[in-house]
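Some notes on the structure that comes next.
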Protein chains: 6
Amino acid sequence: MSFHMPDCAEIVRHALAEDIGTGDVTTDLTVDPGMRAEAHFVAKQAGIIAGTEAVRQTLMQLDPGIELQIHLEDGETAEVGEKILTARGSARALLTGERVSLNFLQQLSGIATLTSRFVALAVGTKARIVETRKTTPGLRLLEKYAVRVGGGRNHRFGLYDGIVIKDNHILACGGITTAVERALSQASHTLSITVECDTLEQVREALEAGADILLLDNMSTEELTEAVEMVEGQAMTEASGGVSEDTVAEIARTGVDIISVGALTHSAPALDISMELVV
Amino acid sequence: MSFHMPDCAEIVRHALAEDIGTGDVTTDLTVDPGMRAEAHFVAKQAGIIAGTEAVRQTLMQLDPGIELQIHLEDGETAEVGEKILTARGSARALLTGERVSLNFLQQLSGIATLTSRFVALAVGTKARIVETRKTTPGLRLLEKYAVRVGGGRNHRFGLYDGIVIKDNHILACGGITTAVERALSQASHTLSITVECDTLEQVREALEAGADILLLDNMSTEELTEAVEMVEGQAMTEASGGVSEDTVAEIARTGVDIISVGALTHSAPALDISMELVV
Amino acid sequence: MSFHMPDCAEIVRHALAEDIGTGDVTTDLTVDPGMRAEAHFVAKQAGIIAGTEAVRQTLMQLDPGIELQIHLEDGETAEVGEKILTARGSARALLTGERVSLNFLQQLSGIATLTSRFVALAVGTKARIVETRKTTPGLRLLEKYAVRVGGGRNHRFGLYDGIVIKDNHILACGGITTAVERALSQASHTLSITVECDTLEQVREALEAGADILLLDNMSTEELTEAVEMVEGQAMTEASGGVSEDTVAEIARTGVDIISVGALTHSAPALDISMELVV
Amino acid sequence: MSFHMPDCAEIVRHALAEDIGTGDVTTDLTVDPGMRAEAHFVAKQAGIIAGTEAVRQTLMQLDPGIELQIHLEDGETAEVGEKILTARGSARALLTGERVSLNFLQQLSGIATLTSRFVALAVGTKARIVETRKTTPGLRLLEKYAVRVGGGRNHRFGLYDGIVIKDNHILACGGITTAVERALSQASHTLSITVECDTLEQVREALEAGADILLLDNMSTEELTEAVEMVEGQAMTEASGGVSEDTVAEIARTGVDIISVGALTHSAPALDISMELVV
Amino acid sequence: MSFHMPDCAEIVRHALAEDIGTGDVTTDLTVDPGMRAEAHFVAKQAGIIAGTEAVRQTLMQLDPGIELQIHLEDGETAEVGEKILTARGSARALLTGERVSLNFLQQLSGIATLTSRFVALAVGTKARIVETRKTTPGLRLLEKYAVRVGGGRNHRFGLYDGIVIKDNHILACGGITTAVERALSQASHTLSITVECDTLEQVREALEAGADILLLDNMSTEELTEAVEMVEGQAMTEASGGVSEDTVAEIARTGVDIISVGALTHSAPALDISMELVV
Amino acid sequence: MSFHMPDCAEIVRHALAEDIGTGDVTTDLTVDPGMRAEAHFVAKQAGIIAGTEAVRQTLMQLDPGIELQIHLEDGETAEVGEKILTARGSARALLTGERVSLNFLQQLSGIATLTSRFVALAVGTKARIVETRKTTPGLRLLEKYAVRVGGGRNHRFGLYDGIVIKDNHILACGGITTAVERALSQASHTLSITVECDTLEQVREALEAGADILLLDNMSTEELTEAVEMVEGQAMTEASGGVSEDTVAEIARTGVDIISVGALTHSAPALDISMELVV
């Protein structure tokens, strides 16, 4: 399976501007503008690679003539010490772009790696692992991409492309039935309706009101099992809340369709990767 | 000590645009535009709070009349279940802005909390804990702020406000002495010069060349001790590489002036915080 | 029913910049900066009003102290000669902002008026009238809003918030079943799947493949009737193509759930409205 | 005569962003990234073509390697069923860009077509047909271009490149003579001065004050004839107000130099054009 | 006479961003955020003041609550040591904004002062002093404003709001007559036509072709006098080239309508002004 | 020595937009789109050339196929009448871009030329000539570049990359010692600390407090000499205030390390350069 990373030109441009500001004084003073070099991006830790395209964008914005050789495509596993990619071009561009390209590659590979661990724990069940909207401001598309690279699936992209009626909406609206009715009578017919349910009673009400997806929040595995049985495939079921590497397998076995995991994006540690220069 | 968060209006605007897109369909359909509510931001995990100003910005951009009551200022410690702040205003604004404001508050508080643990481990030494440039693209200023809130100090902000001659620059330039000479003869006189040293031999050369700061990279504590002695206060010393909660205390005791820690920003888990609505 | 127009600050800013450029030389030369005036926006043609908020935004960007009195809210019907709103403030702001505010108000009211005619023709059936993506570049949200004001409902907002598999996708993909399978196995679970069907055979295939919505394109009313019967409520049905004021009533009586009409946005004539100044 | 369309890269970029948002989910899921295809843009209705360059920009922004063959240049007439242009390139790019490129091409061709009808009705007189500032926010330059393609001429581009003293300015300023005097004594000498005249009395006053152009607003053809005689070529004359396909010929025969028509841009129906894919 | 400076919010924002970057470290470290102060802007050199509004914008963007007392309005003359304005507000804002506000005030006052010297030298003639397009990139509107403040008039604002056929256009086009004909037959009727003439022969040709304004370039005063006589008021005359404080009076006495002076904007020295703080 | 100009693509884009607005009507009407021409940029005045890259950017943005031949590189001296560069490409692009490219080239060459005069006057001393922050809003990087081209060195780039404690900071903070202490205890360790000293007493205090650089403001040459002796190389010394071509040599001979000169950027007259077209 091959992955196609969303366009990252703008965010890379922003990241370079943030880091370079008025100029990389060190490189400009110590490295000859005409010097050419080769740089190897090497894994210092094993994990799933995601974000090589961001490396390419970063270096290409600094040197349009940069040449990249990808040794490990996004989605492949790097062993410790393995070369991920090799870049050849202006030594200045490589040095100035080193940190920004690593920042992208390390963060996205960290997410892909963590996701793959959750996915592996749910193998053999029908549960898909999806991320939440707990993403880094400005990086949502890239982080959602990294989740896919790690074997996960995606939840909605924002507040605009799916109706998710949460406890607070129910509270503000006066009840699940009213909330779903309003959505059905006014929303675009192309949007699905999810309802957060904290109890089996709410599961029943949401189902009757016509919800497409039931978000089962912070339920015990017993409650999840019971909810799945009650629903009988008339709607999709999504488990969320308190999902960790310790609990995901058990939750997956309850028969839910979807398990959403905030930690995939908000707490994935960066994968350790470094750049080695050869002049 | 009171902290002043850098301006976050633009990044908050961007984060809201990313999340809201063409509109928060759920809230717009289920919550009356005139409804008012109160929201409590509550710690689900103990930690140092950072980023309340981003919460204010987020909610204020959605409802200019929002009222905020800060219970815990940035830098204060939240216990589990403790209220961090209370917001009163448009129920729609509170619901639409919930996730974005939490994304900022959780990520920044996570960094402050992790930083404070490193700082505590170095207490009693003169070593300052600083972050690196391994920050999230677009969020560097806020993340550096969170480091300060956690008791850390800051390293340079980017490639423009300090000269840091690393191994790759030395390689490209032909030697430490040449590199420092070039910097001295051409750079603005207001910029300090740091030289990365992997060996004691390099420490000696950098010192003689006129470096202001010696970055002692991946040295053992024995080597660090020896380097500090050799330098005798003629330059500042900075330890970096392989710094973890397990090793930081020992490194601090070698007498280095600065310890730079990448994990502060690239691998801090988010602090668990939630928003509770009262209508 | 009250309508809430999407934020138009940015598009208004852009429209003012486009019109004013380096300055409204006429007004700046002939009108005293301190002069105050009153302006009435008056309908020269009967129709449904939409876009008063754009008038407010336009005038307010030119004079933050402008005062507006709305005589006809969005969704109300203006008779010929009826005052829609009255603005009081800087005479310069009123004159400089006249054309831009009218451009918005006339175009959006034109769309609302045309939509209301289609909606009236479908009264008594369950068919909702919705627009298409044939909107003016840059004005989609406002034009979709005008459709709602005219009594219509909305289709998806863009290519991101709904899966619509059209004839060309089916062609490129190799068949309806394959296309739907790919969508089901990879898309976010919150997105609905529409399939364009040109024949009853395709209706059957799309239904079996699991489509949520069937877009019945350019079908005769006989075919539409037959398709609706075949579907039996297992999916939503949407008629499109060749819908005009002459044909919409008959199409609506076939029992389809949705009728999408491109002309609502791409060919609605502006409603004639003028601004009259009193100094 | 060949036409040169103004740069549309930015507005196309904006339109694509508006439509694609976080991604064309349908195309990304159903069409292989490497697939190539051919697309024909075909007229479903006869008319003057305008905007092929916007099609090229749209497709090129999605696939820089797209190849376009223009069968009908801007300004040429398409018959029903005639191919306007053929594009060859990435099937994904063609499908994702279909709607945006058609939206531009249909709207601009609609304006050119309507303009050509007005121009034809004034043939044999010296009157030039020009548009007004009643254009779509953000699209003025393109719409003015479409007017030229349809055989019309252009009025001023905005409030900055011509002085047009209208009734409201005269009201605010205290009289035509004062208004013209102020303009003469303060404006850049490169700007012409137009004065709106509702009566022959005003025509006389404006002429004496030194106006370059007299805008004869809502005058009967008798009044227009009389005004033209009175002016005797000492200034240009422009008829406006109530100009329709029914009245334009008669107005043109009064001898006015210019006839300005709001409907050219604010009420031109889109020309029906579709894209047909061949894989 | 009172002057109204064009909107400078955006350029001030840009200038502050350029100067402040990631933060005014000095002020943030040495001045308490709550401290208030008073700052006097004092002329160190006599001259005409222009740009006080830019000072207000700069300080207001840093402290929305800043209070300004203007002692000398734009257009008034400052003596050495005279207070121009006093600002009261946050000490941090005053210190951080000092340089940017002075940069605007000094540059614009320098232009106004230089312009006023040229204007004084032409007093008693009908010649107006105007600037050229030799302005600082990004600051044209402000610099043209400063020219007006100094008593000058403005030339066209850019390439879009006036037709100026220069020697190179004539060369490319094949002659003055052809060039003017093209402009008359295609340009908007609201734009005036200027033709650059290097010889009296060209003056005659341009006049016959129908030019509105004759730009007499680098002519001796004898030639200018002869040209003015030849034109007899049938067109405006503009002298340009080699205009200095030494020659402007003599040129003005030739009877030309306009004298354009590049030095007004490209070589005006800044007026010396400083900010004095009182805490 | 070869110079590398900072990226000017954005500022050139802005300058072209400012000048061209909705179109260069003159060129579009008089010059055939397919015509090609050659343009020579010729010095009308002797001086140091700076900014040829801005000419290339300007012309290239208008005609990506433009060809440039540089006769004089940045830093070389042009004699009167000497060709600086020759451009070949679209005649339209050359004519439309003439003014903007000259505006950059003339202003930057003006700064380089003035700087070189100051540098020549300090030859034989160790004093480096540097500019100040008195630069044109938006052009700081380019102007600082022109200073380097003229043989000067650069001061800090803005408020973010160096700590400069001025009289007003000292006033607000309560004294030099306190101010320096605060900076030492909180600032990034990579930033140097400058202290403005108006008296020898302050020089002593700043030195003891630990300042890296002493800014000796408005001191007589006697005071400067005494200050340099007192400092004995323990810090750098910078003279500023009242530096002119008349005084710089004498100031340089006092032994200061740095002389900062505001006039380099705020009052340099443009170098006279023109573009000559050959078709």
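Going through the structure tokens in order, the chains are called A, B, and so on, while each chain numbers its residues from 1 and the ligands are numbered from 1 in the order shown.
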### Message
Taking 3 positions as the minimum chain separation for residues in the same chain, which residues sit within 7 Å of segment 237-243 of chain D when counting only C-alpha atoms? Answer as a ChimeraX atom specification.
### Response
/D:213-218,228,247-248,256-261
### Message
Report as a ChimeraX atom specification all protein, DNA and RNA residues lying within 12 Å of Val147 of chain B, evaluated on only C-alpha atoms, omitting residues in the same chain fewer than 5 positions from it.
### Response
/B:3,5,48-51,74-75,107-119,128-132,135,140-142,152-155,260-266,268
Writing out the chosen residues with N, CA and C atoms as a short mmCIF file (atom, residue, chain, number, x, y, z; two decimals), in the first residue's frame:
```cif
data_model
loop_
_atom_site.label_atom_id
_atom_site.label_comp_id
_atom_site.auth_asym_id
_atom_site.auth_seq_id
_atom_site.Cartn_x
_atom_site.Cartn_y
_atom_site.Cartn_z
N PHE B 3 4.44 35.30 34.59
CA PHE B 3 4.88 35.00 33.22
C PHE B 3 4.03 35.74 32.21
N MET B 5 2.92 35.49 28.41
CA MET B 5 2.90 34.63 27.22
C MET B 5 3.03 35.46 25.96
N ILE B 48 1.98 21.35 36.09
CA ILE B 48 2.19 22.80 36.05
C ILE B 48 1.34 23.36 34.91
N ILE B 49 0.57 24.39 35.18
CA ILE B 49 -0.30 24.99 34.17
C ILE B 49 0.48 25.99 33.31
N ALA B 50 0.30 25.91 31.99
CA ALA B 50 0.86 26.91 31.06
C ALA B 50 -0.10 27.07 29.89
N GLY B 51 -0.37 28.32 29.54
CA GLY B 51 -1.18 28.55 28.35
C GLY B 51 -2.60 29.05 28.59
N ASP B 74 -0.46 30.74 35.11
CA ASP B 74 0.63 29.98 34.51
C ASP B 74 1.77 29.86 35.51
N GLY B 75 2.27 28.67 35.70
CA GLY B 75 3.36 28.44 36.62
C GLY B 75 2.90 27.81 37.93
N GLN B 107 -1.09 20.85 25.71
CA GLN B 107 0.26 20.67 25.18
C GLN B 107 1.27 21.54 25.95
N LEU B 108 0.90 22.80 26.20
CA LEU B 108 1.84 23.69 26.89
C LEU B 108 2.01 23.29 28.35
N SER B 109 0.93 22.87 28.99
CA SER B 109 1.05 22.43 30.38
C SER B 109 1.88 21.14 30.45
N GLY B 110 1.77 20.32 29.44
CA GLY B 110 2.59 19.10 29.38
C GLY B 110 4.06 19.44 29.34
N ILE B 111 4.42 20.43 28.55
CA ILE B 111 5.82 20.85 28.47
C ILE B 111 6.31 21.47 29.78
N ALA B 112 5.48 22.33 30.35
CA ALA B 112 5.87 22.97 31.62
C ALA B 112 6.07 21.92 32.70
N THR B 113 5.20 20.95 32.71
CA THR B 113 5.27 19.90 33.73
C THR B 113 6.53 19.07 33.59
N LEU B 114 6.83 18.67 32.36
CA LEU B 114 8.04 17.87 32.13
C LEU B 114 9.29 18.69 32.47
N THR B 115 9.29 19.97 32.05
CA THR B 115 10.43 20.83 32.35
C THR B 115 10.67 20.93 33.85
N SER B 116 9.59 21.10 34.59
CA SER B 116 9.74 21.27 36.04
C SER B 116 10.37 20.04 36.68
N ARG B 117 10.14 18.88 36.09
CA ARG B 117 10.76 17.66 36.65
C ARG B 117 12.26 17.67 36.42
N PHE B 118 12.67 18.10 35.23
CA PHE B 118 14.12 18.20 34.96
C PHE B 118 14.77 19.27 35.85
N VAL B 119 14.09 20.40 35.98
CA VAL B 119 14.64 21.48 36.79
C VAL B 119 14.82 21.03 38.24
N ARG B 128 21.54 25.43 34.32
CA ARG B 128 20.19 25.78 33.89
C ARG B 128 19.73 24.75 32.86
N ILE B 129 18.45 24.43 32.95
CA ILE B 129 17.83 23.51 31.98
C ILE B 129 17.26 24.35 30.84
N VAL B 130 17.67 24.08 29.61
CA VAL B 130 17.11 24.80 28.45
C VAL B 130 16.61 23.80 27.42
N GLU B 131 15.68 24.28 26.57
CA GLU B 131 15.17 23.41 25.51
C GLU B 131 16.07 23.52 24.29
N THR B 132 15.70 22.84 23.20
CA THR B 132 16.47 22.90 21.95
C THR B 132 15.56 23.48 20.86
N THR B 135 11.31 21.77 18.29
CA THR B 135 9.97 22.19 18.68
C THR B 135 8.98 21.88 17.55
N ARG B 140 6.99 27.33 18.12
CA ARG B 140 8.22 27.46 18.89
C ARG B 140 8.12 28.48 20.02
N LEU B 141 7.60 29.66 19.74
CA LEU B 141 7.55 30.68 20.79
C LEU B 141 6.72 30.25 21.99
N LEU B 142 5.60 29.59 21.70
CA LEU B 142 4.75 29.14 22.80
C LEU B 142 5.41 28.02 23.58
N GLY B 152 12.47 26.35 33.37
CA GLY B 152 13.64 26.27 32.51
C GLY B 152 14.05 27.64 32.00
N ARG B 153 15.17 27.69 31.33
CA ARG B 153 15.64 28.89 30.64
C ARG B 153 15.61 28.61 29.15
N ASN B 154 15.77 29.63 28.32
CA ASN B 154 15.70 29.39 26.88
C ASN B 154 17.05 29.38 26.20
N HIS B 155 17.15 28.55 25.17
CA HIS B 155 18.29 28.56 24.25
C HIS B 155 17.97 29.62 23.19
N SER B 260 20.99 21.25 27.77
CA SER B 260 19.89 21.38 26.81
C SER B 260 19.22 20.02 26.57
N VAL B 261 17.89 20.03 26.59
CA VAL B 261 17.11 18.79 26.61
C VAL B 261 16.05 18.82 25.51
N GLY B 262 16.22 18.03 24.47
CA GLY B 262 15.27 17.99 23.37
C GLY B 262 13.89 17.49 23.77
N ALA B 263 13.87 16.53 24.69
CA ALA B 263 12.60 15.90 25.06
C ALA B 263 11.60 16.90 25.65
N LEU B 264 12.09 18.00 26.23
CA LEU B 264 11.18 18.98 26.84
C LEU B 264 10.07 19.37 25.86
N THR B 265 10.44 19.53 24.59
CA THR B 265 9.45 19.97 23.62
C THR B 265 9.01 18.87 22.66
N HIS B 266 9.90 17.95 22.30
CA HIS B 266 9.47 17.01 21.26
C HIS B 266 8.77 15.77 21.80
N ALA B 268 7.08 15.68 25.20
CA ALA B 268 6.28 15.86 26.42
C ALA B 268 4.85 15.39 26.17
#
```
Sorted by chain and rising residue number, which residues of chain D lie within 12 Å of chain A, and what are their closest atom pairs and distances in Å to one decimal, counting only C-alpha atoms, as CSV?
```
residue,atom,partner,partner_atom,distance
D:Ala17,CA,A:Asp7,CA,11.8
D:Ile20,CA,A:Pro6,CA,11.8
D:Gly21,CA,A:Phe157,CA,10.2
D:Thr22,CA,A:Leu141,CA,7.4
D:Gly23,CA,A:Pro6,CA,8.1
D:Asp24,CA,A:Pro6,CA,11.0
D:Val25,CA,A:Phe157,CA,11.4
D:Asp28,CA,A:His4,CA,9.3
D:Leu29,CA,A:His4,CA,11.2
D:Asp32,CA,A:Ser2,CA,10.8
D:Pro33,CA,A:His4,CA,8.7
D:Gly34,CA,A:His4,CA,11.5
D:Leu62,CA,A:Asp7,CA,11.0
```
Go ahead and write the residues just picked, N, CA and C atoms, as a PDB file, in the first residue's frame.
```
ATOM      1  N   ALA D  17      -8.980  26.096  -2.976  1.00  0.00           N
ATOM      2  CA  ALA D  17      -8.940  25.886  -1.525  1.00  0.00           C
ATOM      3  C   ALA D  17     -10.354  25.806  -0.967  1.00  0.00           C
ATOM      4  N   ILE D  20     -11.803  22.318  -2.309  1.00  0.00           N
ATOM      5  CA  ILE D  20     -11.096  21.087  -1.921  1.00  0.00           C
ATOM      6  C   ILE D  20     -10.946  20.973  -0.408  1.00  0.00           C
ATOM      7  N   GLY D  21     -10.776  22.111   0.260  1.00  0.00           N
ATOM      8  CA  GLY D  21     -10.617  22.067   1.710  1.00  0.00           C
ATOM      9  C   GLY D  21      -9.548  21.071   2.095  1.00  0.00           C
ATOM     10  N   THR D  22      -9.870  20.135   2.956  1.00  0.00           N
ATOM     11  CA  THR D  22      -8.876  19.166   3.420  1.00  0.00           C
ATOM     12  C   THR D  22      -8.659  18.013   2.442  1.00  0.00           C
ATOM     13  N   GLY D  23      -9.323  18.036   1.299  1.00  0.00           N
ATOM     14  CA  GLY D  23      -9.041  16.989   0.308  1.00  0.00           C
ATOM     15  C   GLY D  23     -10.280  16.527  -0.433  1.00  0.00           C
ATOM     16  N   ASP D  24     -10.101  16.160  -1.691  1.00  0.00           N
ATOM     17  CA  ASP D  24     -11.199  15.604  -2.499  1.00  0.00           C
ATOM     18  C   ASP D  24     -11.293  14.129  -2.158  1.00  0.00           C
ATOM     19  N   VAL D  25     -12.043  13.818  -1.128  1.00  0.00           N
ATOM     20  CA  VAL D  25     -12.063  12.433  -0.626  1.00  0.00           C
ATOM     21  C   VAL D  25     -12.529  11.444  -1.680  1.00  0.00           C
ATOM     22  N   ASP D  28      -9.714  10.906  -4.292  1.00  0.00           N
ATOM     23  CA  ASP D  28      -8.552  10.267  -3.672  1.00  0.00           C
ATOM     24  C   ASP D  28      -8.815   8.791  -3.380  1.00  0.00           C
ATOM     25  N   LEU D  29     -10.083   8.452  -3.124  1.00  0.00           N
ATOM     26  CA  LEU D  29     -10.398   7.064  -2.793  1.00  0.00           C
ATOM     27  C   LEU D  29     -10.672   6.210  -4.021  1.00  0.00           C
ATOM     28  N   ASP D  32      -6.863   6.079  -9.104  1.00  0.00           N
ATOM     29  CA  ASP D  32      -5.453   5.780  -8.882  1.00  0.00           C
ATOM     30  C   ASP D  32      -4.594   7.017  -9.145  1.00  0.00           C
ATOM     31  N   PRO D  33      -3.620   7.340  -8.256  1.00  0.00           N
ATOM     32  CA  PRO D  33      -2.826   8.564  -8.444  1.00  0.00           C
ATOM     33  C   PRO D  33      -2.071   8.603  -9.772  1.00  0.00           C
ATOM     34  N   GLY D  34      -1.718   7.448 -10.306  1.00  0.00           N
ATOM     35  CA  GLY D  34      -0.931   7.451 -11.541  1.00  0.00           C
ATOM     36  C   GLY D  34      -1.773   7.468 -12.816  1.00  0.00           C
ATOM     37  N   LEU D  62      -3.222  21.917 -10.108  1.00  0.00           N
ATOM     38  CA  LEU D  62      -3.417  20.566  -9.581  1.00  0.00           C
ATOM     39  C   LEU D  62      -2.446  19.571 -10.219  1.00  0.00           C
TER      40      LEU D  62
END
```
Give the strand (DSSP E or B) residues of segment 162-261 of chain C, as DSSP finds them on the backbone, and put them as a short mmCIF file (atom, residue, chain, number, x, y, z; two decimals) with N, CA, C and O atoms, in the first residue's frame.
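Written file, result-v7.cif:
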```cif
data_model
loop_
_atom_site.label_atom_id
_atom_site.label_comp_id
_atom_site.auth_asym_id
_atom_site.auth_seq_id
_atom_site.Cartn_x
_atom_site.Cartn_y
_atom_site.Cartn_z
N ILE C 163 -18.75 12.14 0.28
CA ILE C 163 -18.22 11.37 -0.85
C ILE C 163 -19.31 11.30 -1.90
O ILE C 163 -20.40 10.81 -1.63
N VAL C 164 -19.04 11.87 -3.07
CA VAL C 164 -20.00 11.80 -4.17
C VAL C 164 -19.31 11.17 -5.36
O VAL C 164 -18.47 11.79 -6.02
N ILE C 165 -19.66 9.92 -5.61
CA ILE C 165 -19.03 9.16 -6.69
C ILE C 165 -19.83 9.41 -7.97
O ILE C 165 -20.96 8.98 -8.11
N LEU C 191 -18.28 10.13 7.02
CA LEU C 191 -18.71 10.67 5.73
C LEU C 191 -19.73 9.76 5.04
O LEU C 191 -19.56 8.54 4.99
N ILE C 193 -21.87 8.36 1.67
CA ILE C 193 -21.46 7.99 0.30
C ILE C 193 -22.64 8.15 -0.66
O ILE C 193 -23.68 7.50 -0.50
N THR C 194 -22.46 9.05 -1.62
CA THR C 194 -23.46 9.25 -2.67
C THR C 194 -22.94 8.62 -3.96
O THR C 194 -21.74 8.69 -4.23
N VAL C 195 -23.81 8.02 -4.73
CA VAL C 195 -23.40 7.48 -6.03
C VAL C 195 -24.32 8.04 -7.11
O VAL C 195 -25.54 8.00 -6.98
N GLU C 196 -23.70 8.58 -8.15
CA GLU C 196 -24.49 9.07 -9.28
C GLU C 196 -24.96 7.89 -10.12
O GLU C 196 -24.18 7.02 -10.49
N CYS C 197 -26.27 7.86 -10.40
CA CYS C 197 -26.84 6.76 -11.18
C CYS C 197 -27.56 7.36 -12.40
O CYS C 197 -28.43 8.21 -12.25
N ILE C 213 -26.74 7.54 -0.39
CA ILE C 213 -27.56 8.47 -1.16
C ILE C 213 -27.38 8.14 -2.64
O ILE C 213 -26.26 7.88 -3.09
N LEU C 214 -28.49 8.17 -3.39
CA LEU C 214 -28.44 7.89 -4.83
C LEU C 214 -28.75 9.16 -5.59
O LEU C 214 -29.84 9.72 -5.44
N LEU C 215 -27.78 9.62 -6.37
CA LEU C 215 -27.97 10.83 -7.15
C LEU C 215 -28.50 10.41 -8.52
O LEU C 215 -27.76 9.87 -9.34
N LEU C 216 -29.78 10.67 -8.76
CA LEU C 216 -30.43 10.23 -9.99
C LEU C 216 -30.30 11.34 -11.01
O LEU C 216 -30.98 12.36 -10.94
N ASP C 217 -29.37 11.15 -11.96
CA ASP C 217 -28.97 12.26 -12.82
C ASP C 217 -29.70 12.25 -14.16
O ASP C 217 -29.67 11.24 -14.89
N MET C 236 -31.25 7.53 0.54
CA MET C 236 -31.92 8.76 0.13
C MET C 236 -31.82 8.87 -1.39
O MET C 236 -30.89 8.35 -2.00
N THR C 237 -32.78 9.57 -2.00
CA THR C 237 -32.72 9.77 -3.44
C THR C 237 -32.63 11.26 -3.75
O THR C 237 -33.29 12.08 -3.13
N GLU C 238 -31.78 11.60 -4.72
CA GLU C 238 -31.55 13.00 -5.11
C GLU C 238 -31.70 13.12 -6.62
O GLU C 238 -31.00 12.44 -7.38
N ALA C 239 -32.62 13.99 -7.07
CA ALA C 239 -32.77 14.23 -8.50
C ALA C 239 -31.92 15.42 -8.89
O ALA C 239 -31.91 16.44 -8.19
N SER C 240 -31.24 15.33 -10.04
CA SER C 240 -30.47 16.48 -10.52
C SER C 240 -30.44 16.48 -12.03
O SER C 240 -30.67 15.46 -12.67
N ILE C 258 -34.54 14.75 -2.42
CA ILE C 258 -33.74 15.96 -2.64
C ILE C 258 -33.75 16.32 -4.12
O ILE C 258 -33.68 15.44 -4.97
N ILE C 259 -33.83 17.61 -4.40
CA ILE C 259 -33.68 18.08 -5.78
C ILE C 259 -32.58 19.14 -5.78
O ILE C 259 -32.70 20.17 -5.10
N SER C 260 -31.51 18.89 -6.54
CA SER C 260 -30.41 19.87 -6.57
C SER C 260 -30.49 20.70 -7.84
O SER C 260 -30.66 20.17 -8.93
#
```
Can you tell me, as a compact mmCIF listing (two decimals) with N, CA and C atoms, in the first residue's frame, what residues are no more than 7 Å from Ala252 of chain F when counting only C-alpha atoms, ignoring any on the same chain fewer than 6 positions away?
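The result, stored in around.txt:
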```txt
# COMPACT_ATOMS: atom_id res chain seq x y z
N ALA F 122 37.54 55.68 7.70
CA ALA F 122 38.01 55.01 8.93
C ALA F 122 39.12 54.03 8.65
N THR F 125 42.20 52.31 11.00
CA THR F 125 41.84 52.14 12.41
C THR F 125 41.15 50.79 12.52
N ALA F 127 38.22 50.47 13.77
CA ALA F 127 36.78 50.71 13.88
C ALA F 127 36.01 50.14 12.70
```
